[in-house]
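File shown: upload-v1.pdb. Contents: PDB, C-alpha atoms, pLDDT in the B column.
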```pdb
ATOM      1  CA  MET A   1      48.566 137.981 -66.174  1.00 55.00           C
ATOM      2  CA  THR A   2      49.700 140.785 -68.469  1.00 68.00           C
ATOM      3  CA  ARG A   3      47.943 140.772 -71.804  1.00 93.00           C
ATOM      4  CA  THR A   4      49.954 141.542 -74.922  1.00 96.00           C
ATOM      5  CA  VAL A   5      49.261 143.437 -78.119  1.00 97.00           C
ATOM      6  CA  ASP A   6      51.458 144.050 -81.139  1.00 98.00           C
ATOM      7  CA  LEU A   7      52.560 147.604 -81.934  1.00 98.00           C
ATOM      8  CA  ASN A   8      53.656 148.087 -85.531  1.00 97.00           C
ATOM      9  CA  ALA A   9      55.071 150.973 -87.522  1.00 96.00           C
ATOM     10  CA  ASP A  10      55.614 151.596 -91.225  1.00 96.00           C
ATOM     11  CA  MET A  11      59.296 152.292 -91.809  1.00 96.00           C
ATOM     12  CA  GLY A  12      62.172 152.183 -94.235  1.00 96.00           C
ATOM     13  CA  GLU A  13      60.298 154.889 -96.116  1.00 95.00           C
ATOM     14  CA  GLY A  14      63.224 157.167 -96.864  1.00 93.00           C
ATOM     15  CA  PHE A  15      64.827 157.199-100.291  1.00 92.00           C
ATOM     16  CA  GLY A  16      68.542 157.561-100.958  1.00 90.00           C
ATOM     17  CA  PRO A  17      69.824 160.526 -98.924  1.00 89.00           C
ATOM     18  CA  TRP A  18      66.305 161.675 -97.968  1.00 91.00           C
ATOM     19  CA  PRO A  19      65.261 160.277 -94.574  1.00 89.00           C
ATOM     20  CA  MET A  20      61.677 159.696 -93.500  1.00 91.00           C
ATOM     21  CA  GLY A  21      60.779 159.199 -89.858  1.00 88.00           C
ATOM     22  CA  ASN A  22      62.954 158.144 -86.931  1.00 93.00           C
ATOM     23  CA  ASP A  23      63.086 154.408 -87.489  1.00 95.00           C
ATOM     24  CA  ALA A  24      65.889 153.697 -85.019  1.00 95.00           C
ATOM     25  CA  ALA A  25      64.009 155.316 -82.131  1.00 96.00           C
ATOM     26  CA  LEU A  26      60.702 153.699 -83.096  1.00 96.00           C
ATOM     27  CA  LEU A  27      62.359 150.289 -83.104  1.00 97.00           C
ATOM     28  CA  ASP A  28      63.071 150.686 -79.397  1.00 97.00           C
ATOM     29  CA  ILE A  29      59.287 150.763 -78.832  1.00 97.00           C
ATOM     30  CA  VAL A  30      57.423 148.786 -81.497  1.00 98.00           C
ATOM     31  CA  SER A  31      57.309 145.005 -81.866  1.00 98.00           C
ATOM     32  CA  SER A  32      56.708 144.754 -85.641  1.00 98.00           C
ATOM     33  CA  ALA A  33      58.149 146.720 -88.567  1.00 98.00           C
ATOM     34  CA  ASN A  34      56.427 147.087 -91.943  1.00 98.00           C
ATOM     35  CA  ILE A  35      59.301 147.790 -94.312  1.00 98.00           C
ATOM     36  CA  ALA A  36      58.748 149.654 -97.583  1.00 98.00           C
ATOM     37  CA  CYS A  37      59.781 147.625-100.627  1.00 98.00           C
ATOM     38  CA  GLY A  38      60.993 150.334-103.001  1.00 96.00           C
ATOM     39  CA  PHE A  39      57.823 151.220-104.915  1.00 97.00           C
ATOM     40  CA  HIS A  40      56.063 153.879-102.818  1.00 97.00           C
ATOM     41  CA  ALA A  41      59.240 154.533-100.818  1.00 97.00           C
ATOM     42  CA  GLY A  42      62.524 152.926 -99.882  1.00 96.00           C
ATOM     43  CA  ASP A  43      65.432 151.552-101.881  1.00 97.00           C
ATOM     44  CA  PRO A  44      67.747 148.545-101.485  1.00 97.00           C
ATOM     45  CA  VAL A  45      70.140 150.270 -99.077  1.00 97.00           C
ATOM     46  CA  THR A  46      67.318 151.714 -96.970  1.00 97.00           C
ATOM     47  CA  MET A  47      65.545 148.350 -96.866  1.00 97.00           C
ATOM     48  CA  GLY A  48      68.676 146.505 -95.793  1.00 98.00           C
ATOM     49  CA  ARG A  49      69.612 149.081 -93.178  1.00 97.00           C
ATOM     50  CA  THR A  50      66.093 149.074 -91.731  1.00 98.00           C
ATOM     51  CA  MET A  51      66.074 145.284 -91.517  1.00 98.00           C
ATOM     52  CA  ASP A  52      69.435 145.348 -89.737  1.00 98.00           C
ATOM     53  CA  LEU A  53      68.087 147.805 -87.174  1.00 98.00           C
ATOM     54  CA  ALA A  54      64.874 145.822 -86.687  1.00 98.00           C
ATOM     55  CA  LEU A  55      66.605 142.487 -86.261  1.00 98.00           C
ATOM     56  CA  ALA A  56      69.105 143.979 -83.804  1.00 98.00           C
ATOM     57  CA  ALA A  57      66.162 145.295 -81.781  1.00 97.00           C
ATOM     58  CA  GLY A  58      64.361 141.938 -81.831  1.00 97.00           C
ATOM     59  CA  VAL A  59      61.485 143.359 -83.878  1.00 98.00           C
ATOM     60  CA  ALA A  60      59.493 141.191 -86.313  1.00 98.00           C
ATOM     61  CA  ILE A  61      59.923 142.256 -89.928  1.00 98.00           C
ATOM     62  CA  GLY A  62      57.297 142.359 -92.641  1.00 98.00           C
ATOM     63  CA  ALA A  63      56.892 143.609 -96.191  1.00 98.00           C
ATOM     64  CA  HIS A  64      54.965 146.810 -96.908  1.00 98.00           C
ATOM     65  CA  PRO A  65      54.250 146.809-100.660  1.00 98.00           C
ATOM     66  CA  GLY A  66      52.522 149.723-102.371  1.00 98.00           C
ATOM     67  CA  PHE A  67      51.912 151.338-105.723  1.00 98.00           C
ATOM     68  CA  ALA A  68      54.873 152.478-107.850  1.00 97.00           C
ATOM     69  CA  ASP A  69      54.299 156.094-106.832  1.00 96.00           C
ATOM     70  CA  LEU A  70      57.352 157.705-105.255  1.00 94.00           C
ATOM     71  CA  GLN A  71      56.109 161.241-105.884  1.00 94.00           C
ATOM     72  CA  GLY A  72      52.745 160.552-104.287  1.00 96.00           C
ATOM     73  CA  PHE A  73      54.173 158.316-101.526  1.00 95.00           C
ATOM     74  CA  GLY A  74      51.832 155.564-102.670  1.00 95.00           C
ATOM     75  CA  ARG A  75      48.754 157.526-101.651  1.00 95.00           C
ATOM     76  CA  ARG A  76      47.353 158.072-105.136  1.00 97.00           C
ATOM     77  CA  ARG A  77      44.863 155.540-106.491  1.00 97.00           C
ATOM     78  CA  ILE A  78      46.120 153.668-109.557  1.00 97.00           C
ATOM     79  CA  PRO A  79      43.819 151.238-111.391  1.00 97.00           C
ATOM     80  CA  LEU A  80      45.675 148.047-112.325  1.00 98.00           C
ATOM     81  CA  SER A  81      44.673 144.737-113.853  1.00 98.00           C
ATOM     82  CA  GLY A  82      44.793 141.494-111.902  1.00 98.00           C
ATOM     83  CA  PRO A  83      48.087 140.359-113.468  1.00 98.00           C
ATOM     84  CA  GLU A  84      49.628 143.800-112.855  1.00 98.00           C
ATOM     85  CA  LEU A  85      48.639 143.660-109.186  1.00 98.00           C
ATOM     86  CA  THR A  86      49.916 140.111-108.845  1.00 98.00           C
ATOM     87  CA  HIS A  87      53.321 140.831-110.333  1.00 98.00           C
ATOM     88  CA  MET A  88      53.643 144.147-108.470  1.00 98.00           C
ATOM     89  CA  ILE A  89      53.080 142.415-105.111  1.00 98.00           C
ATOM     90  CA  GLN A  90      55.342 139.476-105.892  1.00 98.00           C
ATOM     91  CA  TYR A  91      58.150 141.703-107.190  1.00 98.00           C
ATOM     92  CA  GLN A  92      58.216 143.691-103.966  1.00 98.00           C
ATOM     93  CA  LEU A  93      57.931 140.645-101.713  1.00 98.00           C
ATOM     94  CA  GLY A  94      60.741 138.990-103.625  1.00 98.00           C
ATOM     95  CA  ALA A  95      63.043 141.911-102.847  1.00 98.00           C
ATOM     96  CA  ALA A  96      62.090 141.936 -99.175  1.00 98.00           C
ATOM     97  CA  MET A  97      62.468 138.164 -98.860  1.00 98.00           C
ATOM     98  CA  ALA A  98      65.918 138.194-100.469  1.00 98.00           C
ATOM     99  CA  LEU A  99      67.210 140.884 -98.122  1.00 98.00           C
ATOM    100  CA  ALA A 100      65.719 139.078 -95.115  1.00 98.00           C
ATOM    101  CA  GLN A 101      67.157 135.701 -96.128  1.00 98.00           C
ATOM    102  CA  ALA A 102      70.602 137.240 -96.630  1.00 98.00           C
ATOM    103  CA  ARG A 103      70.427 138.141 -92.939  1.00 98.00           C
ATOM    104  CA  GLY A 104      69.281 134.714 -91.826  1.00 98.00           C
ATOM    105  CA  ALA A 105      65.790 136.063 -91.202  1.00 98.00           C
ATOM    106  CA  ARG A 106      62.303 135.483 -92.569  1.00 97.00           C
ATOM    107  CA  LEU A 107      59.364 137.778 -93.216  1.00 98.00           C
ATOM    108  CA  ALA A 108      56.648 137.446 -90.591  1.00 98.00           C
ATOM    109  CA  HIS A 109      53.865 139.389 -92.273  1.00 98.00           C
ATOM    110  CA  VAL A 110      52.727 141.511 -95.183  1.00 98.00           C
ATOM    111  CA  LYS A 111      50.755 144.729 -94.958  1.00 98.00           C
ATOM    112  CA  LEU A 112      49.512 146.641 -97.985  1.00 98.00           C
ATOM    113  CA  HIS A 113      50.396 150.335 -98.091  1.00 97.00           C
ATOM    114  CA  GLY A 114      48.393 153.505 -98.628  1.00 94.00           C
ATOM    115  CA  ALA A 115      46.070 153.721-101.603  1.00 96.00           C
ATOM    116  CA  LEU A 116      46.678 150.067-102.460  1.00 98.00           C
ATOM    117  CA  SER A 117      45.353 149.062 -99.048  1.00 96.00           C
ATOM    118  CA  ASN A 118      42.478 151.533 -99.154  1.00 93.00           C
ATOM    119  CA  MET A 119      41.342 150.361-102.589  1.00 96.00           C
ATOM    120  CA  ALA A 120      41.628 146.694-101.634  1.00 97.00           C
ATOM    121  CA  SER A 121      39.674 147.300 -98.427  1.00 94.00           C
ATOM    122  CA  GLU A 122      36.715 148.284-100.621  1.00 94.00           C
ATOM    123  CA  ASP A 123      37.120 145.639-103.352  1.00 97.00           C
ATOM    124  CA  LEU A 124      37.054 141.911-102.537  1.00 98.00           C
ATOM    125  CA  GLU A 125      38.422 140.860-105.923  1.00 98.00           C
ATOM    126  CA  MET A 126      41.364 143.238-105.593  1.00 98.00           C
ATOM    127  CA  ALA A 127      42.055 142.190-101.994  1.00 98.00           C
ATOM    128  CA  THR A 128      41.959 138.522-102.975  1.00 98.00           C
ATOM    129  CA  THR A 129      44.322 139.121-105.896  1.00 98.00           C
ATOM    130  CA  CYS A 130      46.860 140.929-103.692  1.00 98.00           C
ATOM    131  CA  TYR A 131      46.755 138.376-100.910  1.00 98.00           C
ATOM    132  CA  ARG A 132      46.817 135.357-103.218  1.00 98.00           C
ATOM    133  CA  ALA A 133      49.891 136.835-104.898  1.00 98.00           C
ATOM    134  CA  ALA A 134      51.656 137.258-101.561  1.00 98.00           C
ATOM    135  CA  LEU A 135      50.803 133.783-100.307  1.00 98.00           C
ATOM    136  CA  ALA A 136      52.057 132.228-103.546  1.00 98.00           C
ATOM    137  CA  VAL A 137      55.486 133.614-102.652  1.00 97.00           C
ATOM    138  CA  GLN A 138      55.433 132.733 -98.931  1.00 97.00           C
ATOM    139  CA  PRO A 139      52.401 130.715 -97.798  1.00 98.00           C
ATOM    140  CA  ASP A 140      52.952 131.193 -94.055  1.00 97.00           C
ATOM    141  CA  LEU A 141      52.842 134.997 -94.130  1.00 98.00           C
ATOM    142  CA  THR A 142      50.470 136.615 -91.674  1.00 98.00           C
ATOM    143  CA  LEU A 143      48.188 139.040 -93.499  1.00 98.00           C
ATOM    144  CA  VAL A 144      47.654 142.333 -91.664  1.00 98.00           C
ATOM    145  CA  VAL A 145      44.018 143.260 -92.296  1.00 97.00           C
ATOM    146  CA  MET A 146      41.632 146.097 -91.585  1.00 94.00           C
ATOM    147  CA  PRO A 147      38.725 144.406 -89.783  1.00 94.00           C
ATOM    148  CA  GLN A 148      35.242 144.401 -91.284  1.00 91.00           C
ATOM    149  CA  THR A 149      36.573 145.230 -94.751  1.00 94.00           C
ATOM    150  CA  ALA A 150      37.197 143.270 -97.944  1.00 96.00           C
ATOM    151  CA  LEU A 151      40.773 142.723 -96.765  1.00 97.00           C
ATOM    152  CA  GLU A 152      39.577 140.664 -93.820  1.00 97.00           C
ATOM    153  CA  GLN A 153      37.099 138.732 -95.951  1.00 97.00           C
ATOM    154  CA  ALA A 154      39.698 137.912 -98.591  1.00 98.00           C
ATOM    155  CA  ALA A 155      42.175 136.673 -96.006  1.00 98.00           C
ATOM    156  CA  ARG A 156      39.547 134.458 -94.413  1.00 97.00           C
ATOM    157  CA  ASP A 157      38.443 133.063 -97.780  1.00 98.00           C
ATOM    158  CA  LEU A 158      42.063 132.142 -98.501  1.00 98.00           C
ATOM    159  CA  GLY A 159      42.451 130.458 -95.110  1.00 98.00           C
ATOM    160  CA  ALA A 160      45.421 132.631 -94.207  1.00 98.00           C
ATOM    161  CA  ALA A 161      46.729 133.655 -90.816  1.00 98.00           C
ATOM    162  CA  THR A 162      45.631 137.202 -90.040  1.00 98.00           C
ATOM    163  CA  ALA A 163      46.386 140.050 -87.679  1.00 97.00           C
ATOM    164  CA  SER A 164      43.508 142.482 -87.201  1.00 96.00           C
ATOM    165  CA  GLU A 165      44.860 146.027 -87.204  1.00 96.00           C
ATOM    166  CA  VAL A 166      43.656 149.335 -85.799  1.00 95.00           C
ATOM    167  CA  PHE A 167      45.301 152.713 -86.324  1.00 93.00           C
ATOM    168  CA  ALA A 168      46.332 154.948 -83.465  1.00 93.00           C
ATOM    169  CA  ASP A 169      46.659 158.041 -85.637  1.00 90.00           C
ATOM    170  CA  ARG A 170      43.682 157.729 -88.015  1.00 90.00           C
ATOM    171  CA  SER A 171      39.906 158.075 -87.691  1.00 91.00           C
ATOM    172  CA  TYR A 172      37.339 155.664 -89.161  1.00 91.00           C
ATOM    173  CA  ASN A 173      34.241 155.858 -91.317  1.00 89.00           C
ATOM    174  CA  ASP A 174      31.111 154.016 -90.220  1.00 89.00           C
ATOM    175  CA  ASP A 175      31.873 151.149 -92.634  1.00 85.00           C
ATOM    176  CA  GLY A 176      35.245 150.465 -90.990  1.00 83.00           C
ATOM    177  CA  THR A 177      37.369 152.092 -93.688  1.00 84.00           C
ATOM    178  CA  LEU A 178      39.758 154.914 -92.870  1.00 86.00           C
ATOM    179  CA  THR A 179      38.634 158.514 -93.183  1.00 89.00           C
ATOM    180  CA  ASP A 180      40.183 159.991 -96.310  1.00 85.00           C
ATOM    181  CA  ARG A 181      43.239 162.109 -95.495  1.00 85.00           C
ATOM    182  CA  SER A 182      41.645 165.065 -97.279  1.00 85.00           C
ATOM    183  CA  GLN A 183      38.855 165.191 -94.683  1.00 88.00           C
ATOM    184  CA  PRO A 184      39.036 167.136 -91.394  1.00 84.00           C
ATOM    185  CA  GLY A 185      39.926 164.954 -88.441  1.00 84.00           C
ATOM    186  CA  ALA A 186      41.307 162.123 -90.568  1.00 88.00           C
ATOM    187  CA  MET A 187      44.695 162.359 -88.869  1.00 89.00           C
ATOM    188  CA  ILE A 188      45.271 162.341 -85.116  1.00 91.00           C
ATOM    189  CA  HIS A 189      48.392 164.204 -84.076  1.00 92.00           C
ATOM    190  CA  ASP A 190      47.994 164.515 -80.296  1.00 94.00           C
ATOM    191  CA  PRO A 191      49.849 161.619 -78.582  1.00 96.00           C
ATOM    192  CA  GLN A 192      47.551 161.523 -75.556  1.00 96.00           C
ATOM    193  CA  VAL A 193      44.419 161.552 -77.688  1.00 94.00           C
ATOM    194  CA  ALA A 194      45.820 158.736 -79.834  1.00 95.00           C
ATOM    195  CA  ALA A 195      46.773 156.661 -76.804  1.00 96.00           C
ATOM    196  CA  ASP A 196      43.443 157.232 -75.058  1.00 95.00           C
ATOM    197  CA  ARG A 197      41.595 156.108 -78.211  1.00 93.00           C
ATOM    198  CA  ILE A 198      43.559 152.866 -78.368  1.00 95.00           C
ATOM    199  CA  VAL A 199      43.051 152.058 -74.698  1.00 96.00           C
ATOM    200  CA  ALA A 200      39.326 152.708 -75.185  1.00 94.00           C
ATOM    201  CA  MET A 201      39.268 150.434 -78.254  1.00 94.00           C
ATOM    202  CA  LEU A 202      40.892 147.622 -76.292  1.00 96.00           C
ATOM    203  CA  ARG A 203      38.511 148.165 -73.374  1.00 95.00           C
ATOM    204  CA  ASP A 204      35.400 148.328 -75.559  1.00 94.00           C
ATOM    205  CA  GLY A 205      36.451 145.590 -77.964  1.00 94.00           C
ATOM    206  CA  GLY A 206      36.143 147.626 -81.110  1.00 93.00           C
ATOM    207  CA  ILE A 207      36.533 150.801 -83.144  1.00 91.00           C
ATOM    208  CA  THR A 208      34.521 153.951 -82.507  1.00 88.00           C
ATOM    209  CA  THR A 209      33.793 155.651 -85.834  1.00 90.00           C
ATOM    210  CA  THR A 210      33.444 159.343 -86.604  1.00 87.00           C
ATOM    211  CA  GLY A 211      29.686 158.761 -86.671  1.00 89.00           C
ATOM    212  CA  GLY A 212      29.725 157.396 -83.123  1.00 87.00           C
ATOM    213  CA  ARG A 213      29.244 153.720 -84.012  1.00 89.00           C
ATOM    214  CA  LEU A 214      31.123 150.996 -82.152  1.00 93.00           C
ATOM    215  CA  LEU A 215      32.358 148.345 -84.570  1.00 92.00           C
ATOM    216  CA  ARG A 216      33.172 145.298 -82.484  1.00 94.00           C
ATOM    217  CA  VAL A 217      36.368 143.771 -83.880  1.00 93.00           C
ATOM    218  CA  PRO A 218      39.350 141.806 -82.604  1.00 93.00           C
ATOM    219  CA  ILE A 219      42.471 143.910 -82.126  1.00 95.00           C
ATOM    220  CA  ASP A 220      45.755 142.073 -82.675  1.00 96.00           C
ATOM    221  CA  THR A 221      48.029 144.911 -83.748  1.00 97.00           C
ATOM    222  CA  ILE A 222      48.126 148.703 -83.455  1.00 97.00           C
ATOM    223  CA  CYS A 223      49.718 150.866 -86.145  1.00 95.00           C
ATOM    224  CA  VAL A 224      51.609 154.129 -85.900  1.00 94.00           C
ATOM    225  CA  HIS A 225      52.506 155.698 -89.247  1.00 87.00           C
ATOM    226  CA  GLY A 226      56.264 156.126 -89.024  1.00 81.00           C
ATOM    227  CA  ASP A 227      56.364 159.057 -91.464  1.00 82.00           C
ATOM    228  CA  GLY A 228      54.241 161.364 -89.286  1.00 78.00           C
ATOM    229  CA  GLU A 229      55.880 164.190 -87.362  1.00 82.00           C
ATOM    230  CA  ALA A 230      54.255 162.987 -84.151  1.00 89.00           C
ATOM    231  CA  ALA A 231      54.960 159.277 -84.761  1.00 92.00           C
ATOM    232  CA  LEU A 232      57.649 158.861 -82.121  1.00 95.00           C
ATOM    233  CA  ALA A 233      55.728 160.860 -79.505  1.00 96.00           C
ATOM    234  CA  ILE A 234      52.582 158.811 -80.212  1.00 96.00           C
ATOM    235  CA  ALA A 235      54.485 155.524 -79.966  1.00 96.00           C
ATOM    236  CA  ARG A 236      56.055 156.557 -76.663  1.00 97.00           C
ATOM    237  CA  GLN A 237      52.720 157.614 -75.192  1.00 97.00           C
ATOM    238  CA  LEU A 238      51.099 154.404 -76.427  1.00 97.00           C
ATOM    239  CA  ALA A 239      53.756 152.367 -74.636  1.00 97.00           C
ATOM    240  CA  VAL A 240      53.093 154.241 -71.397  1.00 97.00           C
ATOM    241  CA  SER A 241      49.306 154.062 -71.673  1.00 97.00           C
ATOM    242  CA  LEU A 242      49.251 150.404 -72.707  1.00 97.00           C
ATOM    243  CA  ASP A 243      51.451 149.501 -69.766  1.00 96.00           C
ATOM    244  CA  ALA A 244      49.161 151.400 -67.398  1.00 96.00           C
ATOM    245  CA  ALA A 245      46.186 149.513 -68.864  1.00 96.00           C
ATOM    246  CA  GLY A 246      47.873 146.169 -68.280  1.00 95.00           C
ATOM    247  CA  TYR A 247      49.169 145.468 -71.782  1.00 96.00           C
ATOM    248  CA  GLY A 248      52.642 144.434 -72.795  1.00 96.00           C
ATOM    249  CA  ILE A 249      53.914 145.083 -76.335  1.00 97.00           C
ATOM    250  CA  ALA A 250      54.913 141.933 -78.218  1.00 96.00           C
ATOM    251  CA  ALA A 251      54.819 140.633 -81.788  1.00 94.00           C
ATOM    252  CA  PRO A 252      52.102 138.057 -82.557  1.00 84.00           C
TER     253      PRO A 252
END
```

Could you take the file, read its structure, and then write that structure out as structure tokens?
Amino acid sequence: MTRTVDLNADMGEGFGPWPMGNDAALLDIVSSANIACGFHAGDPVTMGRTMDLALAAGVAIGAHPGFADLQGFGRRRIPLSGPELTHMIQYQLGAAMALAQARGARLAHVKLHGALSNMASEDLEMATTCYRAALAVQPDLTLVVMPQTALEQAARDLGAATASEVFADRSYNDDGTLTDRSQPGAMIHDPQVAADRIVAMLRDGGITTTGGRLLRVPIDTICVHGDGEAALAIARQLAVSLDAAGYGIAAP
């Protein structure tokens, strides 16, 4: 029997006339789309167009909320209070839900973006605040979590459905967090290297860190950052390598 794994990509991250990534081509490969909600990237037209493309391709759609940081693409850390985080998450989910409902669709998942995700992965109170805010809007959302981080713990404490995510194009610290983008080796650009890493993770049942540790974690979904220059090549190689390893690509 062929095993399945979800392949997701962050998309809808253009703004107005400025495109970002090749969403249409990626949607022929991935099974889940994390759609920017207008704060770190995206706008109403881009969101709607991306949802149309995803739904036409039979791809599950989810919200990808981030900090209000267009210039920094949501990758700059911004300290916010609990109420600010709550309203920021709910505002973005509300926009994504409205656009989905107008198309007769429903959000399947939520995945925090960039610095928001990285900060919440290190801070249980912040992770809980973000996830509680999302679930208050749509209780059946699946929360995409980085395993062995505060994100996973918060989701479990809230009793939410989760999808444990690994990144094809990023390296990991020994504590399970992502290597900071400013560090050498944080980003993986070679499609074959990225695909080989993922197949090894699935085979070994966990993440190999930059320090050589194997963190045994469940792997439900694999992410390719849609804004990267090599994103499409990585996704295509992943599809080939996963098939060769006996995995089909399908949404949870």

message: Tell me which residues come within 7 Å of (48.5, 156.7, -82.2), as number ranges by chain, counting all atoms listed in the file in the file's coordinates.
response: A: 167-169, 191, 194-195, 224, 234-235, 238

- request: Name all residues at most 12 Å from A:Glu84 (count all atoms listed in the file; drop same-chain ones fewer than 6 positions away) and give them as a PyMOL selection string.
  value: chain A and resi 67-68+78+90-91+126+129-130+133

- prompt: So which residues get picked by the PyMOL selection byres ((chain A and resi 3) around 12) here, written as a VMD selection string?
  reply: chain A and resid 1 to 2 4 to 6 202 220 242 to 250 252

Dump as a compact mmCIF listing (two decimals), in the frame of the given file, selection limited to C-alpha atoms:
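Below you can see selection38.txt, which holds the result:
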```txt
# COMPACT_ATOMS: atom_id res chain seq x y z
CA MET A 1 48.57 137.98 -66.17
CA THR A 2 49.70 140.78 -68.47
CA THR A 4 49.95 141.54 -74.92
CA VAL A 5 49.26 143.44 -78.12
CA ASP A 6 51.46 144.05 -81.14
CA LEU A 202 40.89 147.62 -76.29
CA ASP A 220 45.76 142.07 -82.68
CA LEU A 242 49.25 150.40 -72.71
CA ASP A 243 51.45 149.50 -69.77
CA ALA A 244 49.16 151.40 -67.40
CA ALA A 245 46.19 149.51 -68.86
CA GLY A 246 47.87 146.17 -68.28
CA TYR A 247 49.17 145.47 -71.78
CA GLY A 248 52.64 144.43 -72.80
CA ILE A 249 53.91 145.08 -76.33
CA ALA A 250 54.91 141.93 -78.22
CA PRO A 252 52.10 138.06 -82.56
```

query: Separation of atom CA of A:Gln138 and atom CA of A:Pro65, in Å?
result: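 Atom CA of A:Pro65 lies at a distance of 14.2 Å from atom CA of A:Gln138.
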
message: Just want the 7 Å neighbourhood of stretch 11-18 of chain A, counted on all atoms listed in the file, with same-chain residues fewer than 4 positions away dropped. Output as a PyMOL selection string.
response: chain A and resi 23+33-36+41-43+46-47+50+226

Kindly save the residues from that selection, with C-alpha atoms included, as a PDB file, in the frame of the given file.
```pdb
ATOM      1  CA  ASP A  23      63.086 154.408 -87.489  1.00 95.00           C
ATOM      2  CA  ALA A  33      58.149 146.720 -88.567  1.00 98.00           C
ATOM      3  CA  ASN A  34      56.427 147.087 -91.943  1.00 98.00           C
ATOM      4  CA  ILE A  35      59.301 147.790 -94.312  1.00 98.00           C
ATOM      5  CA  ALA A  36      58.748 149.654 -97.583  1.00 98.00           C
ATOM      6  CA  ALA A  41      59.240 154.533-100.818  1.00 97.00           C
ATOM      7  CA  GLY A  42      62.524 152.926 -99.882  1.00 96.00           C
ATOM      8  CA  ASP A  43      65.432 151.552-101.881  1.00 97.00           C
ATOM      9  CA  THR A  46      67.318 151.714 -96.970  1.00 97.00           C
ATOM     10  CA  MET A  47      65.545 148.350 -96.866  1.00 97.00           C
ATOM     11  CA  THR A  50      66.093 149.074 -91.731  1.00 98.00           C
ATOM     12  CA  GLY A 226      56.264 156.126 -89.024  1.00 81.00           C
TER      13      GLY A 226
END
```

- prompt: Can you list, as JSON, numbers by chain, every protein, DNA or RNA residue that comes within 9 Å of A:Ala150 when you count all atoms listed in the file, leaving out same-chain residues fewer than 6 positions away?
  reply: {"A": [120, 121, 122, 123, 124, 125, 126, 127, 128]}

field: Hits of the PyMOL selection byres ((chain A and resi 108-115) around 8) in this structure, as a ChimeraX atom specification
entry: /A:34,60-67,74-78,106-107,116-119,134,141-145

message: Which residues, named as in the file, does the PyMOL selection byres ((chain A and resi 217) around 10) pick out? Answer as a list in words.
response: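 This file gives the following for the PyMOL selection byres ((chain A and resi 217) around 10): Met146, Pro147, Gln148, Ser164, Glu165, Val166, Gly176, Met201, Leu202, Asp204, Gly205, Gly206, Ile207, Leu214, Leu215, Arg216, Pro218, Ile219 and Asp220 of chain A.
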
query: By how many Å are atom CA of A:Pro139 and atom CA of A:Ala154 apart?
result: 14.6 Å

message: Which residues are near A:Gln192? Cut-off 10 Å, all atoms listed in the file, ignore same chain within fewer than 2 positions. Put them as a PyMOL selection string.
response: chain A and resi 188-190+194-198+233-234+236-238+241

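Taking only C-alpha atoms into account, A:Asp28 lies nearest to A:Leu232 out of the set A:Gly48, A:Ala105, A:Leu85, A:Leu232.
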
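Nearest to A:Cys223 of all the residues A:Ser32, A:Ser182, A:Ser81, A:Asn22 is A:Ser32, counting all atoms listed in the file.
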
message: Just the number, please: distance in Å from atom CA of A:Gly212 to atom CA of A:Pro184, one decimal.
response: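 Between atom CA of A:Gly212 and atom CA of A:Pro184 the gap works out to 15.8 Å.
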
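Proximity of A:Ala98, A:Met187, A:Ala231, A:Ala155 to A:Pro44, computed with all atoms listed in the file, is greatest for A:Ala98.
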